[in-house]
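Have a look at the structure below before the remarks.
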Amino acid sequence: MKLDSWVLNVILYVFFFLMLREGRLALGRERTSIFLWGSILWTGIIENAMVMLGGYDYFAYADYYRFGGKLIDGYAGWFCWVLFVPLAICLGWFLLSLPALLISIRLLGEKRSIWIKATCAGVMLVSFDMLLDPISVVNEWWRWTSPGFYLRGVTLGNYIGWFFLLFFFGALFERTVIQKGGFAWLSGIERWVFREDTMDLSAMVTGRVGRIFYFRLAVFLPIFFICCTVVATAVTFTVANNWGPFDSVFPNEFFDVLR
Amino acid sequence: MNPTKHADQQSLEAALRAKLRMAYFLLLLFVIHIVEAYITFPFVDHTSAAQNVFYGFIVAAPFYTINIIFIIVTYRDLAASRQGKG
């Protein structure tokens with residue numbers, strides 16, 4: 001049976017509102033808002049970059065939907081977009097990541113390294129995604145176009161990306177917004193940008209803590225891309241079994257060098 | 001119990017209950033996707049829906065196992081919190 005992408009849309013929006021409500025009770029309204037806007041920025045930028053580089057696309061099945069017997073021109077089954085990525089995808093990331101991080105923090109305790117807790121949350125997220133993505137492939141919600149090791153129609157690079165997405169985001173969120181601390185190596189730059197000591201944020205209002213968090217996300221963005229590229233490229237060159245099953249709708253030759 | 005301590009206790013319990021509901025929602029989302037995997041086409045390299053479900057339970061094992069452990073731990077936290085109140 002074919003499941004249309006509006007089905008996933010509805011599920012993600014409903015669960016988004018449920019998680020947002022519970023998140024506000026569990027973490028507080030302001031901290032949940034920081035997590036939400038951070039998620040939309042973080043996933044919005046990264047997903048759009050990957051779509052534009054030709055890693056995957058959400059447009060492939062546009063001109064597919066009919067209403068009253070007529071084709072809906074250009075409609076790809078998504079309610080709302082953040083540039084080239086459906087908003088539901090960013091919200092879906094939020095609704096999975098927030099509880100995964102809170103669960104990891106509770107189970108591993110406050111004293112453990114933020115990176116270990118972020119790893120646990122990342123593993124949870126990837127584990128769920130390994131079920132979601134094969135469903136999306138057979139139902140033509142989106143498709144991968146890059147070379148790599150394909151498992152059930154999904155490239156391993158996708159799971160590597162999902163892991164690092166929450167690994168960095170979760171660790172930064174915990175250190176900045178929950179622990180209200182900083183990174184020694186970054187404090188010099190932050191002192192210059194924010195004109196105050198950012199190693200201890202406990203006396204700061206939450207809004208300002210949020211701005212520091214967004215700044216740290218921006219700093220870690222290139223680190224995220226480097227980690228993903230190194231690991232995904234290593235995997236592709238060692239175990240790739242598919243050199244790109246489709247051509248991306250974006251006329252981009254980024255991945256063609258690997259073919 | 002003084003009013004401040006009582007209010008702290010209540011907000012702690014409310015936060016724990018919210019986290020518990022989040023974990024239940026995650027499990028519900030997993031069940032919905034397992035149902036989707038069952039009613040939809042076989043995945044790439046699969047030949048039946050039953051294979052989809054089996055694969056789903058295998059790959060998502062870390063997800064639901066950690067989630068269930070969290071639910072158990074949070075129930076204990078809530079019970080301890082109630083005992084502390086009493």
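Each chain in the structure tokens gets a letter, A, B, ..., in the order shown, and its residues are numbered from 1; ligands are numbered from 1 in order too.
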At most 7 Å to chain A: residues in chain B, only C-alpha atoms, as a short mmCIF file (atom, residue, chain, number, x, y, z; two decimals) with C-alpha atoms, in the first residue's frame:
```cif
data_model
loop_
_atom_site.label_atom_id
_atom_site.label_comp_id
_atom_site.auth_asym_id
_atom_site.auth_seq_id
_atom_site.Cartn_x
_atom_site.Cartn_y
_atom_site.Cartn_z
CA ALA B 14 5.41 17.77 36.81
CA ALA B 15 8.72 17.71 34.91
CA LEU B 16 9.14 13.98 35.54
CA ALA B 18 6.24 15.38 31.20
CA LYS B 19 9.43 13.42 30.44
CA MET B 22 7.59 12.20 26.00
CA ALA B 23 8.99 8.68 26.28
CA HIS B 33 6.17 3.34 12.00
CA ALA B 37 6.32 -0.79 7.64
CA ILE B 39 1.09 -2.06 5.55
CA THR B 40 3.40 -0.57 2.94
CA PHE B 41 5.51 -2.14 0.16
CA PHE B 43 11.66 -2.36 1.57
CA VAL B 44 14.45 -2.43 -1.00
CA ASP B 45 15.95 -6.00 -0.94
CA GLY B 56 12.33 -2.58 12.07
CA VAL B 59 17.47 -1.82 13.81
CA ALA B 60 15.32 0.18 16.23
CA PRO B 62 18.62 0.63 20.78
CA PHE B 63 15.85 3.21 20.39
CA PHE B 70 14.09 5.43 30.82
#
```
Could you find all residues in chain B that DSSP calls alpha helix (DSSP H) from the backbone, and write them as a VMD selection string? chain B and resid 3 to 39 49 to 59 61 to 85
From the set B:Gln83, B:Asp8, B:Asn67, B:Arg76, which residue has the shortest atom-to-atom contact distance to Arg21 of chain B, counting only C-alpha atoms? B:Asn67
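The two atoms in question, atom CA of Phe16 of chain A and atom CA of Glu110 of chain A, are spaced 26.4 Å apart.
Rounded to one decimal, atom CA of Lys180 of chain A and atom CA of Asp200 of chain A lie 6.1 Å from each other.
With atom CA of Trp115 of chain A on one side and atom CA of Val73 of chain B on the other, the separation reads 21.8 Å.
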12 Å contact set for Pro222 of chain A, only C-alpha atoms, chain neighbours under 2 positions out, as number ranges by chain: A: 42, 45-46, 49, 164-165, 168, 216-220, 224-229
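Minimum atom-to-atom distance to Leu172 of chain A, evaluated using only C-alpha atoms, belongs to A:Lys117 out of A:Arg191, A:Lys117, A:Arg143, A:Arg208.
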